[in-house]
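Single-structure report; data block below.
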Amino acid sequence: MEWVFCVVALVSAGLGLFLLKVARDLWWTPLQIKKHFEVQGIGGPPYKLFYGNAPDIVQMAKQESSKPSLSGHNIIPRVLPAFHQWGKIYGRDYVYWFGTKPRLLVPHPELAKEVLSNKFGHYGKIKFQQSGVQGLGGLEGERWAQHRRILNPAFHMEALKGMIPSIAESGTNMCREWRNIISSGTNEIDVFKEFSVLTSDIISRTAFGSSYAEGNHIFDLLGQWILLVFERMRRVHIPGSGFLPTKENRLGWWLDKEIKRCIRQVIEGRERNASIENSSDYGTDLLGLMMNSNKKQGGGKMQNNMSMTVDEVIAECRTFYVAGQETTTILLTWTMVLLGMHQDWQDRARREVLEVCGKNEFPNADAVNGLKIMGMILNESLRLYPPVVAMSRQPLKPMKLGKVSIPAGTQLQIPVLAMHHDPLLWGNDVHEFNPERFSQGISKAAKHPMAFMPFSVGPRFCIGQNFALLEAKVVLAMILQRFSFVTSPHYIHAPVHSLTLKPKYGAQVILHIN
């Protein structure tokens, strides 16, 4: 019977050690970290077992999003209610808990720049629950640098200038449809829906050599995938839960498989076309650059051990289908809403467009550079309604950030939207639409030159920043040439955070042909 007692003793010891580890991870370590910050004068909401403050954040967001529409541009209480409410209680610097992970707010431009610039490689991306090969946004180290080098040429200014005719063709088709709608007796249009189709068409043409009609199924799938990713990011991940055959996981597996299948068809189509034309070049767009990089190093078709594997090409295609479409859609939508609300700035922008571009011609590269008022308007739109409301990083070892000592594993959250709406940085008119603040450039618009960061800063700034701004300028110029508009009486001003900053009920405007 001794062996029985030995087994029982071993099992009991193992169970005891396991429970001690659980107690340490769930209770002891968080309390020690909490004390570590409190000694430095940084408080925050109480730590709660298992989920931390994540359920509170979701609940506050639901309560605020269910309230009536806003009357102005002070959107922090609605879009970031936890930040707003906890900030009033604990001050600008506080720590909250996402599961057992502490998250320190970094609402200071200089410290945010230090984190995002990551000069010495001390800060990394936070890994969210996402299986499979990662695109540029999820990569680190040499693999990230390699992908960035391959993709950079697609976003050089000369390459972007060559995209203007494709952007203009998509814009012309949209404006023609709008004229037909107005001629039929309806002049109210939801520009959020319209721009979603437009930007999908543009990213398809310029990056992947197809059209929205061909990529329609991919964009529908990606729309579902984005919502799924956002819901997962708001929840605390339970280890192993991603392998359970839940309804949500089964949907995620199917979407992932179907998106990969569709994008693989686009890649194979490019290969077939090159073969038919007896060409050794896959093109100079985004997809062509990725495929060419593999061909050059592999001596032919893409191979899995080359510069960028087929799965990595698919991951980057998915990244840019989403980022190239989503970011510009949000920028165009909020800019149209703002110009619909502020007719004086719409008139100023139209006069500039007509002076620089004329009545009918789409802007060429030189004309785009001459649209200074348009640039000011777009920057002010990005300030008030940045597509991405916050960014996260984490130190890879214990760090000193400013005067604060940060334990390894602490997550850092940079509240971009909050910094863009901070009166200490922008003045008392911070919640007013005033593009004039950008008249002397971005660095002089606020009291700190790094207060404006809609596309991040540092080496990981958004690679598609110039593409998004170019696209927005061309499209808005074409709209202002042909139409005047006001926000519709049916428009409900209700911004909501759903991965990006969207209008909850759409963005209806009343159009008139000029």
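Every chain in the structure tokens has a letter given in the order shown (A, B, ...), and although residue numbers restart at 1 in each chain, ligands are simply numbered from 1 in the order shown.
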List the neighbours of segment 200-203 of chain A out to 12 Å using only C-alpha atoms; skip same-chain residues closer than 6 positions along the sequence, and give me the result as a PyMOL selection string.
chain A and resi 163-174+193-194+209-220+222-223+285-287+317-329+464+467-468+470-472+474-475
Save the residues we just selected, N, CA and C atoms, as a short mmCIF file (atom, residue, chain, number, x, y, z; two decimals), in the first residue's frame?
data_model
loop_
_atom_site.label_atom_id
_atom_site.label_comp_id
_atom_site.auth_asym_id
_atom_site.auth_seq_id
_atom_site.Cartn_x
_atom_site.Cartn_y
_atom_site.Cartn_z
N MET A 163 -0.70 56.00 -58.89
CA MET A 163 -1.99 55.44 -58.49
C MET A 163 -3.14 56.43 -58.69
N ILE A 164 -2.82 57.71 -58.91
CA ILE A 164 -3.87 58.73 -58.98
C ILE A 164 -4.92 58.43 -60.05
N PRO A 165 -4.53 58.03 -61.28
CA PRO A 165 -5.57 57.73 -62.28
C PRO A 165 -6.53 56.61 -61.83
N SER A 166 -6.02 55.59 -61.14
CA SER A 166 -6.89 54.52 -60.67
C SER A 166 -7.83 55.03 -59.59
N ILE A 167 -7.31 55.87 -58.68
CA ILE A 167 -8.16 56.47 -57.64
C ILE A 167 -9.23 57.32 -58.30
N ALA A 168 -8.83 58.10 -59.29
CA ALA A 168 -9.78 58.99 -59.98
C ALA A 168 -10.84 58.21 -60.74
N GLU A 169 -10.45 57.08 -61.33
CA GLU A 169 -11.43 56.27 -62.05
C GLU A 169 -12.51 55.75 -61.10
N SER A 170 -12.09 55.27 -59.93
CA SER A 170 -13.07 54.82 -58.94
C SER A 170 -13.93 55.98 -58.46
N GLY A 171 -13.30 57.15 -58.23
CA GLY A 171 -14.05 58.32 -57.80
C GLY A 171 -15.04 58.80 -58.84
N THR A 172 -14.64 58.74 -60.11
CA THR A 172 -15.55 59.13 -61.20
C THR A 172 -16.77 58.23 -61.24
N ASN A 173 -16.56 56.94 -61.10
CA ASN A 173 -17.68 55.99 -61.09
C ASN A 173 -18.64 56.28 -59.94
N MET A 174 -18.10 56.59 -58.76
CA MET A 174 -18.96 56.90 -57.62
C MET A 174 -19.75 58.18 -57.86
N LYS A 193 -21.44 54.17 -46.18
CA LYS A 193 -21.59 52.99 -47.03
C LYS A 193 -20.93 53.22 -48.40
N GLU A 194 -21.13 54.42 -48.94
CA GLU A 194 -20.57 54.73 -50.26
C GLU A 194 -19.04 54.67 -50.24
N GLY A 209 -4.60 44.90 -58.28
CA GLY A 209 -4.86 44.81 -59.71
C GLY A 209 -6.22 44.26 -60.07
N SER A 210 -7.19 44.34 -59.17
CA SER A 210 -8.55 43.88 -59.48
C SER A 210 -9.52 45.01 -59.18
N SER A 211 -10.79 44.69 -59.04
CA SER A 211 -11.78 45.72 -58.72
C SER A 211 -12.64 45.24 -57.56
N TYR A 212 -13.45 46.17 -57.04
CA TYR A 212 -14.32 45.81 -55.93
C TYR A 212 -15.27 44.68 -56.32
N ALA A 213 -15.75 44.72 -57.55
CA ALA A 213 -16.67 43.66 -57.99
C ALA A 213 -16.01 42.29 -57.87
N GLU A 214 -14.72 42.22 -58.20
CA GLU A 214 -14.01 40.94 -58.12
C GLU A 214 -13.68 40.58 -56.67
N GLY A 215 -13.40 41.60 -55.85
CA GLY A 215 -13.01 41.34 -54.46
C GLY A 215 -14.15 41.46 -53.48
N ASN A 216 -15.39 41.58 -53.99
CA ASN A 216 -16.54 41.82 -53.13
C ASN A 216 -16.66 40.77 -52.03
N HIS A 217 -16.51 39.51 -52.39
CA HIS A 217 -16.65 38.43 -51.43
C HIS A 217 -15.58 38.53 -50.34
N ILE A 218 -14.36 38.91 -50.74
CA ILE A 218 -13.28 39.05 -49.76
C ILE A 218 -13.61 40.14 -48.75
N PHE A 219 -14.13 41.27 -49.23
CA PHE A 219 -14.44 42.37 -48.32
C PHE A 219 -15.60 42.01 -47.39
N ASP A 220 -16.58 41.27 -47.88
CA ASP A 220 -17.66 40.82 -47.01
C ASP A 220 -17.12 39.93 -45.89
N LEU A 222 -14.01 39.87 -44.77
CA LEU A 222 -13.15 40.65 -43.89
C LEU A 222 -13.97 41.52 -42.93
N GLY A 223 -15.13 41.99 -43.38
CA GLY A 223 -16.00 42.76 -42.49
C GLY A 223 -16.44 41.92 -41.30
N ASP A 285 2.59 46.75 -58.22
CA ASP A 285 1.69 47.05 -57.11
C ASP A 285 2.10 46.24 -55.90
N LEU A 286 1.33 46.35 -54.83
CA LEU A 286 1.68 45.68 -53.57
C LEU A 286 1.84 44.18 -53.75
N LEU A 287 0.87 43.56 -54.38
CA LEU A 287 0.92 42.12 -54.58
C LEU A 287 2.10 41.74 -55.47
N CYS A 317 -1.69 40.50 -47.64
CA CYS A 317 -2.85 40.90 -48.45
C CYS A 317 -4.04 41.18 -47.55
N ARG A 318 -4.28 40.30 -46.59
CA ARG A 318 -5.40 40.51 -45.67
C ARG A 318 -5.21 41.80 -44.87
N THR A 319 -3.99 42.03 -44.40
CA THR A 319 -3.71 43.25 -43.63
C THR A 319 -4.04 44.50 -44.43
N PHE A 320 -3.62 44.51 -45.71
CA PHE A 320 -3.81 45.73 -46.48
C PHE A 320 -5.19 45.83 -47.10
N TYR A 321 -5.87 44.72 -47.30
CA TYR A 321 -7.28 44.81 -47.65
C TYR A 321 -8.03 45.54 -46.55
N VAL A 322 -7.71 45.20 -45.29
CA VAL A 322 -8.41 45.80 -44.15
C VAL A 322 -7.94 47.23 -43.92
N ALA A 323 -6.60 47.40 -43.73
CA ALA A 323 -6.07 48.72 -43.38
C ALA A 323 -6.27 49.73 -44.50
N GLY A 324 -6.06 49.29 -45.75
CA GLY A 324 -6.20 50.21 -46.87
C GLY A 324 -7.62 50.66 -47.10
N GLN A 325 -8.56 49.83 -46.72
CA GLN A 325 -9.97 50.17 -46.90
C GLN A 325 -10.53 50.90 -45.69
N GLU A 326 -10.28 50.35 -44.52
CA GLU A 326 -10.91 50.84 -43.29
C GLU A 326 -10.46 52.26 -42.95
N THR A 327 -9.16 52.50 -42.96
CA THR A 327 -8.64 53.80 -42.53
C THR A 327 -9.16 54.94 -43.40
N THR A 328 -9.10 54.77 -44.71
CA THR A 328 -9.52 55.86 -45.59
C THR A 328 -11.04 56.04 -45.58
N THR A 329 -11.78 54.96 -45.43
CA THR A 329 -13.23 55.07 -45.30
C THR A 329 -13.59 55.96 -44.12
N GLY A 464 0.89 52.96 -44.84
CA GLY A 464 -0.04 53.48 -45.83
C GLY A 464 -0.51 54.90 -45.58
N PHE A 467 -0.55 57.11 -48.67
CA PHE A 467 -1.56 56.60 -49.60
C PHE A 467 -2.95 57.03 -49.16
N ALA A 468 -3.25 56.92 -47.86
CA ALA A 468 -4.57 57.30 -47.35
C ALA A 468 -4.84 58.78 -47.57
N LEU A 470 -3.37 60.82 -49.78
CA LEU A 470 -3.47 61.08 -51.22
C LEU A 470 -4.86 60.68 -51.73
N GLU A 471 -5.30 59.50 -51.36
CA GLU A 471 -6.61 59.02 -51.78
C GLU A 471 -7.71 59.96 -51.32
N ALA A 472 -7.64 60.38 -50.05
CA ALA A 472 -8.67 61.27 -49.50
C ALA A 472 -8.69 62.61 -50.23
N VAL A 474 -7.71 63.30 -53.36
CA VAL A 474 -8.22 63.15 -54.73
C VAL A 474 -9.73 62.99 -54.72
N VAL A 475 -10.23 62.12 -53.85
CA VAL A 475 -11.68 61.85 -53.81
C VAL A 475 -12.45 63.08 -53.37
#
Show which residues sit within 9 Å of segment 65-79 of chain A, as a ChimeraX atom specification. Count only C-alpha atoms, and ignore same-chain residues fewer than 2 positions away.
/A:60-63,81-85,384-385,389,417-418,421,430-433,492-497,501,504
Skip Thr335 of chain A itself and residues of its chain fewer than 4 positions away, then list as a ChimeraX atom specification all residues within 8 Å of it, counting only C-alpha atoms.
/A:331,339,377-378,381
Output C-alpha atoms for every residue in that selection, as a PDB file, in the first residue's frame.
ATOM      1  CA  LEU A 331     -11.196  59.542 -42.772  1.00  0.00           C
ATOM      2  CA  LEU A 339     -17.717  69.770 -43.924  1.00  0.00           C
ATOM      3  CA  ILE A 377      -9.155  70.030 -43.045  1.00  0.00           C
ATOM      4  CA  LEU A 378      -8.027  66.407 -43.244  1.00  0.00           C
ATOM      5  CA  SER A 381     -10.673  65.571 -39.087  1.00  0.00           C
TER       6      SER A 381
END
Identify, on the basis of only C-alpha atoms, every residue whose closest approach to segment 41-58 of chain A does not exceed 10 Å; exclude the query and any residue fewer than 3 positions from it along the same chain; express the result as a PyMOL selection string.
chain A and resi 25-27+30-31+34-38+61-63+80-83+86-87+89-104+231+234-238+404
To test your reading of the structure, identify every residue in segment 70-279 of chain A that backbone DSSP assigns to strand (DSSP E or B), and report it as a list in words.
Tyr94, Val95, Tyr96, Trp97, Phe98, Lys101, Pro102, Arg103, Leu104, Leu105, Tyr123, Gly124, Glu188, Ile189 and Asp190 of chain A
The selected residues should be written to file as a CSV table (one decimal), in the first residue's frame (atoms: N, CA and C atoms).
chain,number,residue,atom,x,y,z
A,94,TYR,N,-3.0,56.5,-14.5
A,94,TYR,CA,-3.5,55.5,-13.7
A,94,TYR,C,-3.3,54.1,-14.3
A,95,VAL,N,-3.5,53.1,-13.5
A,95,VAL,CA,-3.3,51.7,-13.9
A,95,VAL,C,-4.7,51.0,-13.8
A,96,TYR,N,-5.1,50.3,-14.9
A,96,TYR,CA,-6.3,49.4,-14.8
A,96,TYR,C,-5.8,48.0,-15.2
A,97,TRP,N,-6.8,47.1,-15.1
A,97,TRP,CA,-6.4,45.7,-15.2
A,97,TRP,C,-7.2,45.0,-16.3
A,98,PHE,N,-6.4,44.4,-17.2
A,98,PHE,CA,-7.1,43.5,-18.3
A,98,PHE,C,-6.7,42.1,-17.9
A,101,LYS,N,-3.2,41.3,-16.2
A,101,LYS,CA,-2.2,42.2,-16.8
A,101,LYS,C,-2.5,43.7,-16.4
A,102,PRO,N,-1.6,44.4,-15.8
A,102,PRO,CA,-1.8,45.8,-15.6
A,102,PRO,C,-1.6,46.6,-16.8
A,103,ARG,N,-2.4,47.6,-17.0
A,103,ARG,CA,-2.3,48.5,-18.2
A,103,ARG,C,-2.1,49.9,-17.7
A,104,LEU,N,-1.0,50.5,-18.0
A,104,LEU,CA,-0.7,51.9,-17.6
A,104,LEU,C,-1.0,52.9,-18.7
A,105,LEU,N,-1.8,53.9,-18.4
A,105,LEU,CA,-2.1,54.9,-19.4
A,105,LEU,C,-0.9,55.8,-19.6
A,123,TYR,N,10.6,48.0,-26.3
A,123,TYR,CA,9.1,47.9,-26.2
A,123,TYR,C,8.6,47.1,-27.4
A,124,GLY,N,7.7,46.2,-27.2
A,124,GLY,CA,7.2,45.3,-28.2
A,124,GLY,C,5.7,45.4,-28.3
A,188,GLU,N,-30.4,62.2,-50.7
A,188,GLU,CA,-29.8,61.8,-49.4
A,188,GLU,C,-29.0,60.5,-49.6
A,189,ILE,N,-27.7,60.6,-49.2
A,189,ILE,CA,-26.8,59.4,-49.4
A,189,ILE,C,-26.1,59.1,-48.1
A,190,ASP,N,-25.9,57.9,-47.8
A,190,ASP,CA,-25.1,57.5,-46.6
A,190,ASP,C,-23.7,57.4,-47.1
Please compute the atom CA of Ala154 of chain A-atom CA of Gln265 of chain A distance, one decimal, in Å.
21.4 Å
To one decimal in Å, tell me the separation between atom CA of Gln394 of chain A and atom CA of Leu111 of chain A.
13.2 Å
From the list A:Trp426, A:Phe362, A:Tyr282, A:Phe243, which residue is nearest Leu476 of chain A when using only C-alpha atoms?
A:Phe362
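Residues within 9 Å of Phe438 of chain A, counting only C-alpha atoms and excluding same-chain residues fewer than 2 positions away, are Gly375, Met376, Ile377, Asn379, Glu380, Asn434, Pro435, Glu436, Gln440, Gly441, Ile442, Ser443, Lys444, Ala445 and Ala446 of chain A.
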Would you return as a PDB file with C-alpha atoms, in the first residue's frame the members of segment 346-514 of chain A that DSSP assigns to helix (DSSP H, G or I) on this structure's backbone?
ATOM      1  CA  GLN A 346     -16.587  73.484 -47.284  1.00  0.00           C
ATOM      2  CA  ASP A 347     -16.775  76.682 -49.340  1.00  0.00           C
ATOM      3  CA  ARG A 348     -13.108  77.479 -48.667  1.00  0.00           C
ATOM      4  CA  ALA A 349     -12.077  73.972 -49.702  1.00  0.00           C
ATOM      5  CA  ARG A 350     -14.183  74.130 -52.882  1.00  0.00           C
ATOM      6  CA  ARG A 351     -12.705  77.480 -53.910  1.00  0.00           C
ATOM      7  CA  GLU A 352      -9.222  76.059 -53.472  1.00  0.00           C
ATOM      8  CA  VAL A 353     -10.047  72.938 -55.497  1.00  0.00           C
ATOM      9  CA  LEU A 354     -11.537  74.960 -58.363  1.00  0.00           C
ATOM     10  CA  GLU A 355      -8.576  77.313 -58.353  1.00  0.00           C
ATOM     11  CA  VAL A 356      -5.958  74.524 -58.300  1.00  0.00           C
ATOM     12  CA  CYS A 357      -7.698  71.774 -60.287  1.00  0.00           C
ATOM     13  CA  ALA A 365       0.302  64.996 -58.266  1.00  0.00           C
ATOM     14  CA  ASP A 366       1.240  68.691 -58.417  1.00  0.00           C
ATOM     15  CA  ALA A 367      -2.357  69.743 -57.804  1.00  0.00           C
ATOM     16  CA  VAL A 368      -2.627  67.443 -54.784  1.00  0.00           C
ATOM     17  CA  ASN A 369       0.439  69.111 -53.267  1.00  0.00           C
ATOM     18  CA  GLY A 370      -1.225  72.480 -53.832  1.00  0.00           C
ATOM     19  CA  LYS A 372      -3.173  73.255 -48.572  1.00  0.00           C
ATOM     20  CA  ILE A 373      -6.603  74.029 -47.121  1.00  0.00           C
ATOM     21  CA  MET A 374      -7.682  70.480 -47.901  1.00  0.00           C
ATOM     22  CA  GLY A 375      -4.653  69.202 -45.976  1.00  0.00           C
ATOM     23  CA  MET A 376      -5.577  71.346 -42.964  1.00  0.00           C
ATOM     24  CA  ILE A 377      -9.155  70.030 -43.045  1.00  0.00           C
ATOM     25  CA  LEU A 378      -8.027  66.407 -43.244  1.00  0.00           C
ATOM     26  CA  ASN A 379      -5.629  66.878 -40.327  1.00  0.00           C
ATOM     27  CA  GLU A 380      -8.356  68.446 -38.200  1.00  0.00           C
ATOM     28  CA  SER A 381     -10.673  65.571 -39.087  1.00  0.00           C
ATOM     29  CA  LEU A 382      -7.956  63.103 -38.050  1.00  0.00           C
ATOM     30  CA  ARG A 383      -7.467  65.014 -34.813  1.00  0.00           C
ATOM     31  CA  LEU A 384     -11.134  65.017 -33.818  1.00  0.00           C
ATOM     32  CA  VAL A 416      -4.524  58.754 -29.123  1.00  0.00           C
ATOM     33  CA  LEU A 417      -8.086  60.097 -29.088  1.00  0.00           C
ATOM     34  CA  ALA A 418      -7.645  61.471 -25.572  1.00  0.00           C
ATOM     35  CA  MET A 419      -4.401  63.255 -26.490  1.00  0.00           C
ATOM     36  CA  HIS A 420      -6.079  64.710 -29.588  1.00  0.00           C
ATOM     37  CA  PRO A 423      -7.109  71.052 -23.776  1.00  0.00           C
ATOM     38  CA  LEU A 424      -3.655  71.194 -22.149  1.00  0.00           C
ATOM     39  CA  LEU A 425      -2.196  70.351 -25.564  1.00  0.00           C
ATOM     40  CA  TRP A 426      -4.640  72.049 -27.947  1.00  0.00           C
ATOM     41  CA  PRO A 435      -8.521  73.488 -39.369  1.00  0.00           C
ATOM     42  CA  GLU A 436      -6.750  76.833 -39.046  1.00  0.00           C
ATOM     43  CA  ARG A 437      -4.734  75.371 -36.169  1.00  0.00           C
ATOM     44  CA  PHE A 438      -2.788  73.374 -38.798  1.00  0.00           C
ATOM     45  CA  ILE A 442       1.527  69.715 -37.825  1.00  0.00           C
ATOM     46  CA  SER A 443       4.451  70.394 -35.481  1.00  0.00           C
ATOM     47  CA  LYS A 444       3.097  73.862 -34.582  1.00  0.00           C
ATOM     48  CA  GLN A 465      -0.248  56.987 -44.333  1.00  0.00           C
ATOM     49  CA  ASN A 466       0.661  58.871 -47.512  1.00  0.00           C
ATOM     50  CA  PHE A 467      -1.562  56.600 -49.595  1.00  0.00           C
ATOM     51  CA  ALA A 468      -4.568  57.296 -47.350  1.00  0.00           C
ATOM     52  CA  LEU A 469      -4.040  61.066 -47.457  1.00  0.00           C
ATOM     53  CA  LEU A 470      -3.474  61.076 -51.218  1.00  0.00           C
ATOM     54  CA  GLU A 471      -6.609  59.017 -51.784  1.00  0.00           C
ATOM     55  CA  ALA A 472      -8.666  61.267 -49.505  1.00  0.00           C
ATOM     56  CA  LYS A 473      -7.477  64.451 -51.235  1.00  0.00           C
ATOM     57  CA  VAL A 474      -8.218  63.146 -54.726  1.00  0.00           C
ATOM     58  CA  VAL A 475     -11.675  61.850 -53.808  1.00  0.00           C
ATOM     59  CA  LEU A 476     -12.722  64.934 -51.830  1.00  0.00           C
ATOM     60  CA  ALA A 477     -11.489  67.241 -54.580  1.00  0.00           C
ATOM     61  CA  MET A 478     -13.625  65.370 -57.128  1.00  0.00           C
ATOM     62  CA  ILE A 479     -16.669  65.553 -54.838  1.00  0.00           C
ATOM     63  CA  LEU A 480     -16.248  69.286 -54.190  1.00  0.00           C
ATOM     64  CA  GLN A 481     -15.919  69.954 -57.934  1.00  0.00           C
ATOM     65  CA  ARG A 482     -19.288  68.342 -58.602  1.00  0.00           C
TER      66      ARG A 482
END
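In this model, the gap between atom CA of Asp256 of chain A and atom CA of Lys127 of chain A comes to 17.9 Å.
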